[in-house]
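This is structure_37.csv. It holds CSV, C-alpha atoms.
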```
chain,number,residue,atom,x,y,z
A,168,ILE,CA,0.7,139.2,-32.5
A,169,PRO,CA,-1.4,141.0,-35.1
A,170,ASP,CA,-3.4,138.6,-37.2
A,171,VAL,CA,-2.0,139.8,-40.6
A,172,GLN,CA,1.6,139.2,-39.3
A,173,ALA,CA,0.7,135.8,-37.9
A,174,ARG,CA,-0.8,134.7,-41.2
A,175,ALA,CA,2.2,136.0,-43.1
A,176,LEU,CA,4.6,134.1,-40.8
A,177,ARG,CA,2.6,130.9,-41.0
A,178,GLY,CA,2.8,131.1,-44.8
A,179,ALA,CA,6.5,131.8,-44.8
A,180,LEU,CA,7.2,128.8,-42.5
A,181,ALA,CA,4.8,126.5,-44.5
A,182,LEU,CA,2.6,126.2,-41.4
A,183,GLY,CA,-0.4,127.6,-43.2
A,184,PRO,CA,-1.5,128.8,-46.7
A,185,ALA,CA,0.7,131.4,-48.4
A,186,THR,CA,-0.9,134.9,-48.4
A,187,PRO,CA,-0.1,138.0,-50.3
A,188,HIS,CA,1.5,140.6,-48.1
A,189,ASP,CA,3.9,143.6,-48.0
A,190,ARG,CA,7.6,142.7,-48.0
A,191,PHE,CA,7.9,144.0,-44.4
A,192,THR,CA,5.0,142.0,-43.0
A,193,VAL,CA,7.1,138.9,-42.3
A,194,PRO,CA,10.0,140.8,-40.7
A,195,ALA,CA,7.6,142.9,-38.6
A,196,GLY,CA,5.9,139.6,-37.6
A,197,LEU,CA,9.2,138.1,-36.5
A,198,LEU,CA,9.9,141.2,-34.4
A,199,SER,CA,6.5,141.0,-32.8
A,200,LEU,CA,6.8,137.3,-32.1
A,201,LEU,CA,10.2,137.7,-30.4
A,202,ALA,CA,8.9,140.6,-28.4
A,203,VAL,CA,6.0,138.6,-27.1
A,204,ALA,CA,8.3,135.7,-26.3
A,205,ALA,CA,10.6,138.0,-24.3
A,206,GLU,CA,7.7,139.1,-22.1
A,207,GLU,CA,7.9,135.7,-20.4
A,208,GLN,CA,11.7,135.3,-20.2
A,209,PRO,CA,14.9,136.6,-22.0
A,210,VAL,CA,15.3,135.2,-25.5
A,211,LEU,CA,18.4,134.3,-27.5
A,212,VAL,CA,18.0,133.9,-31.3
A,213,SER,CA,20.8,131.7,-32.7
A,214,ILE,CA,21.4,131.6,-36.4
A,215,ASP,CA,24.0,129.0,-37.5
A,216,ASP,CA,25.8,129.2,-40.9
A,217,ALA,CA,24.2,132.6,-41.8
A,218,GLN,CA,25.8,132.4,-45.2
A,219,TRP,CA,23.2,129.8,-46.3
A,220,LEU,CA,20.2,132.1,-45.4
A,221,ASP,CA,18.0,133.1,-48.4
A,222,GLU,CA,17.6,136.8,-48.9
A,223,PRO,CA,14.0,137.2,-47.4
A,224,SER,CA,15.1,135.3,-44.3
A,225,LEU,CA,18.2,137.4,-43.9
A,226,GLU,CA,16.2,140.5,-44.4
A,227,ALA,CA,13.7,139.5,-41.7
A,228,PHE,CA,16.5,138.7,-39.1
A,229,LEU,CA,18.3,142.0,-39.8
A,230,PHE,CA,15.0,144.0,-39.6
A,231,ALA,CA,14.2,142.4,-36.3
A,232,GLY,CA,17.8,142.5,-35.0
A,233,ARG,CA,18.1,146.2,-35.4
A,234,ARG,CA,15.0,146.9,-33.3
A,235,LEU,CA,15.5,144.4,-30.5
A,236,GLY,CA,17.5,146.6,-28.1
A,237,ALA,CA,14.7,147.2,-25.6
A,238,GLU,CA,12.9,143.9,-25.9
A,239,GLY,CA,15.1,141.6,-23.8
A,240,VAL,CA,16.1,139.7,-26.9
A,241,ALA,CA,19.7,139.0,-28.1
A,242,MET,CA,20.6,137.7,-31.6
A,243,LEU,CA,23.7,135.8,-32.4
A,244,GLY,CA,24.7,134.5,-35.8
A,245,SER,CA,27.7,132.5,-37.1
A,246,LEU,CA,29.2,133.2,-40.5
A,247,ARG,CA,32.0,131.2,-42.1
A,248,ASP,CA,35.3,133.1,-42.6
A,249,GLY,CA,35.8,134.6,-45.9
A,250,THR,CA,32.1,134.5,-46.9
A,251,ALA,CA,30.6,137.6,-48.3
A,252,VAL,CA,26.8,137.9,-47.6
A,253,ALA,CA,24.9,140.7,-49.3
A,254,GLY,CA,23.1,142.8,-46.7
A,255,MET,CA,25.3,141.8,-43.8
A,256,GLU,CA,27.6,144.9,-44.1
A,257,VAL,CA,25.6,147.1,-41.8
A,258,PRO,CA,27.3,149.4,-39.3
A,259,TRP,CA,25.2,148.4,-36.2
A,260,LEU,CA,26.1,144.7,-36.4
A,261,GLU,CA,28.9,143.9,-34.0
A,262,ARG,CA,31.4,141.3,-35.3
A,263,LEU,CA,33.4,139.0,-33.0
A,264,PRO,CA,36.0,136.8,-34.7
A,265,VAL,CA,36.2,133.2,-33.4
A,266,PRO,CA,39.9,132.1,-33.3
A,267,PRO,CA,41.1,128.5,-33.0
A,268,LEU,CA,41.1,127.0,-29.5
A,269,ALA,CA,44.2,127.4,-27.5
A,270,ASP,CA,46.0,124.2,-26.5
A,271,GLU,CA,44.7,124.4,-22.9
A,272,GLU,CA,41.1,124.8,-24.1
A,273,ALA,CA,41.6,122.0,-26.6
A,274,ARG,CA,42.7,119.6,-23.8
A,275,GLU,CA,39.6,120.5,-21.8
A,276,LEU,CA,37.5,119.5,-24.8
A,277,LEU,CA,39.3,116.2,-25.0
A,278,ASN,CA,39.0,115.4,-21.2
A,279,ALA,CA,35.9,113.2,-21.6
A,280,GLU,CA,37.6,111.1,-24.2
A,281,ARG,CA,39.9,109.2,-21.6
A,282,LEU,CA,43.0,109.5,-23.7
A,283,ALA,CA,46.5,108.6,-22.8
A,284,PRO,CA,48.6,111.8,-22.4
A,285,SER,CA,50.7,111.1,-25.5
A,286,VAL,CA,47.6,110.5,-27.6
A,287,ALA,CA,46.0,113.7,-26.3
A,288,ASP,CA,49.2,115.6,-27.3
A,289,ARG,CA,49.0,114.2,-30.8
A,290,LEU,CA,45.3,115.1,-31.2
A,291,VAL,CA,45.8,118.6,-29.9
A,292,ASP,CA,48.7,119.1,-32.3
A,293,THR,CA,46.8,117.6,-35.3
A,294,ALA,CA,43.5,119.5,-34.7
A,295,ALA,CA,45.3,122.9,-34.5
A,296,GLY,CA,42.5,124.4,-32.4
A,297,ASN,CA,39.6,123.1,-34.6
A,298,PRO,CA,36.8,122.0,-32.1
A,299,LEU,CA,35.0,119.8,-34.7
A,300,ALA,CA,38.2,117.9,-35.3
A,301,LEU,CA,38.8,117.5,-31.5
A,302,LEU,CA,35.3,116.0,-31.2
A,303,GLU,CA,35.4,113.8,-34.3
A,304,ILE,CA,38.9,112.3,-34.4
A,305,PRO,CA,38.8,110.5,-31.0
A,306,ARG,CA,35.6,108.7,-32.0
A,307,LEU,CA,37.5,107.1,-34.9
A,308,LEU,CA,40.2,105.6,-32.6
A,309,SER,CA,40.1,102.1,-31.2
A,310,ASP,CA,40.3,101.5,-27.4
A,311,GLY,CA,43.9,100.5,-27.8
A,312,GLN,CA,44.8,103.6,-29.7
A,313,ARG,CA,43.1,105.8,-27.1
A,314,ALA,CA,45.0,104.1,-24.3
A,315,GLY,CA,48.3,104.4,-26.2
A,316,ARG,CA,48.7,100.6,-26.6
A,317,GLU,CA,48.3,100.7,-30.4
A,318,PRO,CA,50.0,103.1,-32.9
A,319,LEU,CA,48.0,105.9,-34.4
A,320,GLU,CA,47.4,106.2,-38.1
A,321,GLU,CA,49.6,108.6,-40.2
A,322,PRO,CA,47.8,110.8,-41.0
A,323,LEU,CA,44.9,110.6,-38.6
A,324,ARG,CA,41.5,110.3,-40.2
A,325,PRO,CA,39.6,113.6,-39.9
A,326,GLY,CA,36.0,112.5,-39.6
A,327,THR,CA,33.2,113.2,-42.1
A,328,GLY,CA,32.1,116.6,-40.6
A,329,VAL,CA,35.6,117.9,-40.8
A,330,GLU,CA,36.0,116.6,-44.4
A,331,ARG,CA,32.7,118.3,-45.4
A,332,ALA,CA,33.8,121.6,-43.9
A,333,PHE,CA,37.2,121.6,-45.6
A,334,ARG,CA,35.8,120.3,-48.9
A,335,ARG,CA,33.8,123.5,-49.3
A,336,ALA,CA,37.0,125.6,-48.9
A,337,LEU,CA,38.9,123.3,-51.3
A,338,ASP,CA,36.2,123.4,-54.0
A,339,ALA,CA,36.6,127.2,-54.1
A,340,LEU,CA,40.3,127.1,-55.0
A,341,ALA,CA,41.6,127.6,-58.5
A,342,GLU,CA,43.2,124.5,-60.1
A,343,ASP,CA,46.8,125.7,-59.6
A,344,ALA,CA,46.1,126.5,-56.0
A,345,TRP,CA,44.5,123.1,-55.5
A,346,ARG,CA,47.4,121.3,-57.1
A,347,ALA,CA,49.9,123.2,-55.0
A,348,LEU,CA,48.0,122.4,-51.8
A,349,LEU,CA,47.8,118.7,-52.8
A,350,LEU,CA,51.5,118.5,-53.4
A,351,ALA,CA,52.2,120.2,-50.0
A,352,ALA,CA,49.9,117.8,-48.3
A,353,THR,CA,51.8,114.8,-49.7
A,354,ALA,CA,55.2,116.1,-48.7
A,355,HIS,CA,55.1,114.8,-45.1
A,356,THR,CA,57.3,117.7,-44.1
A,357,GLY,CA,56.7,121.3,-43.0
A,358,ARG,CA,60.0,122.5,-44.5
A,359,LEU,CA,59.1,125.2,-47.0
A,360,GLN,CA,62.3,124.8,-49.1
A,361,VAL,CA,61.5,121.1,-49.8
A,362,ILE,CA,57.9,122.0,-50.8
A,363,GLU,CA,59.1,124.9,-52.9
A,364,ALA,CA,61.5,122.7,-54.8
A,365,ALA,CA,58.7,120.2,-55.5
A,366,LEU,CA,56.4,122.9,-56.6
A,367,ARG,CA,59.0,124.2,-59.1
A,368,GLU,CA,59.3,120.7,-60.5
A,369,SER,CA,55.6,120.7,-61.1
A,370,GLY,CA,55.6,124.1,-62.8
A,371,LEU,CA,54.1,125.8,-59.7
A,372,GLU,CA,55.2,128.4,-57.2
A,373,VAL,CA,54.8,129.1,-53.5
A,374,ASP,CA,52.5,132.0,-54.4
A,375,HIS,CA,50.0,129.4,-55.6
A,376,LEU,CA,49.6,128.4,-51.9
A,377,THR,CA,48.5,131.9,-50.8
A,378,ALA,CA,44.9,131.3,-51.8
A,379,ALA,CA,44.9,128.2,-49.5
A,380,GLU,CA,46.4,130.3,-46.7
A,381,ALA,CA,43.7,133.0,-47.2
A,382,ALA,CA,41.1,130.2,-46.8
A,383,ARG,CA,42.8,129.2,-43.6
A,384,LEU,CA,43.5,125.7,-44.9
A,385,ILE,CA,47.3,126.1,-44.2
A,386,THR,CA,49.7,128.6,-42.6
A,387,ILE,CA,52.9,129.4,-44.4
```

Can the structure from this file be put into structure tokens for me?
Amino acid sequence: IPDVQARALRGALALGPATPHDRFTVPAGLLSLLAVAAEEQPVLVSIDDAQWLDEPSLEAFLFAGRRLGAEGVAMLGSLRDGTAVAGMEVPWLERLPVPPLADEEARELLNAERLAPSVADRLVDTAAGNPLALLEIPRLLSDGQRAGREPLEEPLRPGTGVERAFRRALDALAEDAWRALLLAATAHTGRLQVIEAALRESGLEVDHLTAAEAARLITI
């Protein structure tokens, strides 16, 4: 690729000394680099957790992504639900929502775990289509629990990756919404009238759970 673009890219990636350059030099360098790579074989650019990109990196990927149509390059990014990212609201960017896994798909993901049918049923029900939970929870079970010879914990341990993912959503809730969700989680029942009565006793309302529902932590 052009030398000025190569130098700017090396500096941006800390592979060489930083050099002064126009703000479009790095994005243009990224586009050139991907185009050259695509001359050998098709290229897929995968950007995980795009909400954590800094502004210059996001600008570079959007600059390149808009111009890659004829280059044999596809670009795919993942963005956490409910996350607003400045600059991502562009009309040419196709958005594909990723729903929870269906029960049949969840069972396929669990096949390698060698679980007793009743244990698999419990995990599918508990994970509610979350693939990370389906991968993590079985690893925390003993051989006897996997085989159905020993009872499962109540509730099942979620795994550290699942905890981190949900912790970010929990930390974004207001205090009343957090307290309402905590109370609902300790109720050991899905009956809304029971939870609603407990919320009233604590000076809260069902409406305080709507923020948790919007964050896809619960479904009312």

Pick out the residues sitting within 10 Å of Pro318 of chain A, and hand them over as a ChimeraX atom specification; count all atoms listed in the file, and ignore anything fewer than 6 positions along from it in its own chain. /A:286,311-312

Which of these residues is nearest to Ala179 of chain A, using only C-alpha atoms: A:Ala227, A:Leu366, A:Leu376, A:Ile214?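 Among the listed residues, A:Ala227 lies closest to Ala179 of chain A.
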
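Here atom CA of Leu302 of chain A and atom CA of Glu272 of chain A stand 12.7 Å from one another.
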
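The space between atom CA of Ala204 of chain A and atom CA of Ala241 of chain A spans 12.0 Å.
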
Smallest atom-to-atom distance to Asp248 of chain A: which of A:Leu348, A:Ala336, A:Ala378, A:Leu182, using all atoms listed in the file?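 Using all atoms listed in the file, Asp248 of chain A sits closest to A:Ala336.
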
Find the residues near Arg313 of chain A: any atom within 7 Å, counting only C-alpha atoms, skip ones fewer than 5 places away on the same chain, and give them as number ranges by chain. A: 282-283, 286, 308

Which residues, written as an MDAnalysis selection string, have at least one atom at most 10 Å from Val171 of chain A, with only C-alpha atoms counted and residues fewer than 3 positions away on the same chain left out? chainID A and resid 168 174:176 186 188 192:193 196

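Shortest separation to Leu301 of chain A among A:Asn278, A:Ser245, A:Ser199, A:Thr353 occurs at residue A:Asn278, atoms counted being only C-alpha atoms.
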
Test item: residues at most 12 Å from Leu235 of chain A, only C-alpha atoms, excluding those fewer than 3 positions along its chain, as an mmCIF file with C-alpha atoms, keeping the file's coordinate frame:
```cif
data_model
loop_
_atom_site.group_PDB
_atom_site.id
_atom_site.type_symbol
_atom_site.label_atom_id
_atom_site.label_comp_id
_atom_site.auth_asym_id
_atom_site.auth_seq_id
_atom_site.Cartn_x
_atom_site.Cartn_y
_atom_site.Cartn_z
ATOM 1 C CA ALA A 195 7.600 142.900 -38.600
ATOM 2 C CA LEU A 197 9.200 138.100 -36.500
ATOM 3 C CA LEU A 198 9.900 141.200 -34.400
ATOM 4 C CA SER A 199 6.500 141.000 -32.800
ATOM 5 C CA LEU A 200 6.800 137.300 -32.100
ATOM 6 C CA LEU A 201 10.200 137.700 -30.400
ATOM 7 C CA ALA A 202 8.900 140.600 -28.400
ATOM 8 C CA VAL A 203 6.000 138.600 -27.100
ATOM 9 C CA ALA A 205 10.600 138.000 -24.300
ATOM 10 C CA PRO A 209 14.900 136.600 -22.000
ATOM 11 C CA VAL A 210 15.300 135.200 -25.500
ATOM 12 C CA LEU A 211 18.400 134.300 -27.500
ATOM 13 C CA VAL A 212 18.000 133.900 -31.300
ATOM 14 C CA PHE A 228 16.500 138.700 -39.100
ATOM 15 C CA LEU A 229 18.300 142.000 -39.800
ATOM 16 C CA PHE A 230 15.000 144.000 -39.600
ATOM 17 C CA ALA A 231 14.200 142.400 -36.300
ATOM 18 C CA GLY A 232 17.800 142.500 -35.000
ATOM 19 C CA GLU A 238 12.900 143.900 -25.900
ATOM 20 C CA GLY A 239 15.100 141.600 -23.800
ATOM 21 C CA VAL A 240 16.100 139.700 -26.900
ATOM 22 C CA ALA A 241 19.700 139.000 -28.100
ATOM 23 C CA MET A 242 20.600 137.700 -31.600
ATOM 24 C CA TRP A 259 25.200 148.400 -36.200
#
```

Which residue gives the smallest distance to Ala287 of chain A among A:Arg274, A:Arg190, A:Arg383, A:Arg335, with all atoms listed in the file counted? A:Arg274

Atom CA of Ile387 of chain A to atom CA of Glu363 of chain A, distance in Å rounded to a single decimal: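 Between atom CA of Ile387 of chain A and atom CA of Glu363 of chain A the gap is 11.4 Å.
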
Which of A:Glu320, A:Ala217, A:Pro267, A:Pro194 sits closest to Arg247 of chain A [using all atoms listed in the file]: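 Nearest candidate to Arg247 of chain A out of A:Glu320, A:Ala217, A:Pro267, A:Pro194: A:Ala217.
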
As a PyMOL selection string, please: the residues near Ala351 of chain A (cut-off 9 Å, all atoms listed in the file, same-chain neighbours under 4 positions excluded). chain A and resi 346-347+355-357+362-363+365-366+376

Proximity to Leu350 of chain A - best of A:Glu372, A:Glu330, A:Asp338, A:Glu271, only C-alpha atoms: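 Comparing A:Glu372, A:Glu330, A:Asp338, A:Glu271 against Leu350 of chain A, the winner is A:Glu372.
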